[in-house]
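Student: Sharing start-v4.txt below, compact mmCIF, C-alpha atoms:
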```txt
# COMPACT_ATOMS: atom_id res chain seq x y z
CA MET A 1 -1.90 -55.73 -2.71
CA SER A 2 -0.47 -52.94 -4.80
CA TYR A 3 0.70 -49.68 -3.23
CA LEU A 4 1.00 -47.89 -6.54
CA ILE A 5 -0.87 -44.62 -6.95
CA LYS A 6 -2.78 -45.95 -9.95
CA ASP A 7 -4.09 -48.85 -7.86
CA THR A 8 -5.11 -46.92 -4.72
CA THR A 9 -7.40 -44.14 -3.66
CA LYS A 10 -6.25 -41.15 -1.64
CA GLU A 11 -7.95 -42.63 1.43
CA GLU A 12 -6.17 -45.95 0.94
CA ARG A 13 -2.81 -44.17 0.59
CA GLU A 14 -3.47 -42.23 3.80
CA GLN A 15 -4.16 -45.52 5.58
CA ILE A 16 -1.04 -47.15 4.11
CA VAL A 17 1.15 -44.32 5.40
CA LYS A 18 -0.56 -44.28 8.79
CA GLU A 19 -0.13 -48.02 9.27
CA SER A 20 3.45 -47.98 8.00
CA LEU A 21 4.60 -45.22 10.32
CA GLY A 22 2.88 -46.61 13.38
CA ASN A 23 3.18 -44.24 16.33
CA ILE A 24 4.18 -41.00 14.61
CA GLU A 25 3.98 -39.16 17.92
CA ALA A 26 7.11 -40.94 19.12
CA ASN A 27 10.36 -39.04 19.15
CA CYS A 28 13.80 -40.08 17.97
CA ASP A 29 15.87 -36.96 18.67
CA GLY A 30 13.34 -34.94 16.68
CA CYS A 31 13.53 -37.03 13.50
CA MET A 32 9.82 -37.93 13.53
CA ALA A 33 8.75 -34.29 13.33
CA GLY A 34 8.57 -34.20 9.52
CA LEU A 35 8.35 -37.88 8.75
CA ALA A 36 4.60 -37.99 8.13
CA GLU A 37 4.78 -34.90 5.92
CA MET A 38 7.47 -36.60 3.85
CA TYR A 39 4.75 -38.88 2.43
CA ASP A 40 2.25 -36.11 1.55
CA GLU A 41 3.21 -36.29 -2.12
CA TYR A 42 2.39 -40.00 -2.15
CA ILE A 43 -0.96 -39.42 -0.46
CA GLU A 44 -1.75 -36.66 -2.97
CA GLY A 45 -0.84 -38.96 -5.88
CA LYS A 46 2.22 -36.99 -7.02
CA LYS A 47 5.06 -39.42 -6.20
CA GLU A 48 5.27 -43.15 -5.61
CA LEU A 49 6.50 -44.48 -2.27
CA ARG A 50 9.59 -45.85 -3.97
CA GLU A 51 10.55 -42.40 -5.29
CA ILE A 52 10.12 -40.74 -1.90
CA ASN A 53 12.10 -43.42 -0.09
CA MET A 54 14.89 -43.33 -2.68
CA GLU A 55 15.16 -39.53 -2.37
CA PHE A 56 15.26 -39.78 1.42
CA ASN A 57 17.90 -42.50 1.38
CA ALA A 58 20.03 -40.59 -1.12
CA ARG A 59 20.02 -37.50 1.12
CA TYR A 60 20.73 -39.57 4.23
CA VAL A 61 23.68 -41.39 2.66
CA LYS A 62 25.06 -38.11 1.31
CA ASP A 63 24.68 -36.39 4.71
CA ASP A 64 26.10 -39.41 6.53
CA ASN A 65 29.31 -39.14 4.51
CA MET A 66 29.68 -35.43 5.20
CA GLU A 67 31.98 -34.10 7.88
CA GLY A 68 30.29 -33.59 11.25
CA SER A 69 27.59 -36.20 10.76
CA GLU A 70 28.96 -38.60 13.38
CA GLY A 71 26.59 -39.70 16.11
CA ARG A 72 23.43 -39.52 14.02
CA SER A 73 20.90 -41.44 16.06
CA CYS A 74 17.97 -41.80 13.70
CA VAL A 75 18.15 -44.43 10.97
CA MET A 76 15.24 -45.33 8.71
```
For this file, write the structure as structure tokens.
Tutor:
Amino acid sequence: MSYLIKDTTKEEREQIVKESLGNIEANCDGCMAGLAEMYDEYIEGKKELREINMEFNARYVKDDNMEGSEGRSCVM
């Protein structure tokens, strides 16, 4: 099964995100609050999942190396 935008409908992408995130009501020190919204651009057909995940990981790695980021409890 392909998860690419060109191979899926908006409804299928919504279902893919929903199934992938599982219980999005759960809390991990507040990190789940914007997680579902992070994938809105994929659902709308603007960015592929790979792009969104790479952007998230790049920010996380950058922030993790910054001073004062010790004790971060939410890892994706």
Student: Looking at only C-alpha atoms, which of A:Lys6, A:Leu35, A:Gly22, A:Glu14 is the one that sits closest to Ile52 (chain A)?
Tutor: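 That would be A:Leu35, the residue with the smallest distance to Ile52 (chain A).
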Student: Nearest to Glu44 (chain A): which of A:Ile5, A:Ala58, A:Leu21, A:Ile16 is it, counting all atoms listed in the file?
Tutor: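 Of A:Ile5, A:Ala58, A:Leu21, A:Ile16, the one nearest Glu44 (chain A), counting all atoms listed in the file, is A:Ile5.
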Student: Using only C-alpha atoms - which residues lie no farther than 12 Å from the point (-3.4, -44.6, 0.2) in the file's frame? Write them as a ChimeraX atom specification.
Tutor: /A:1-20,39-49
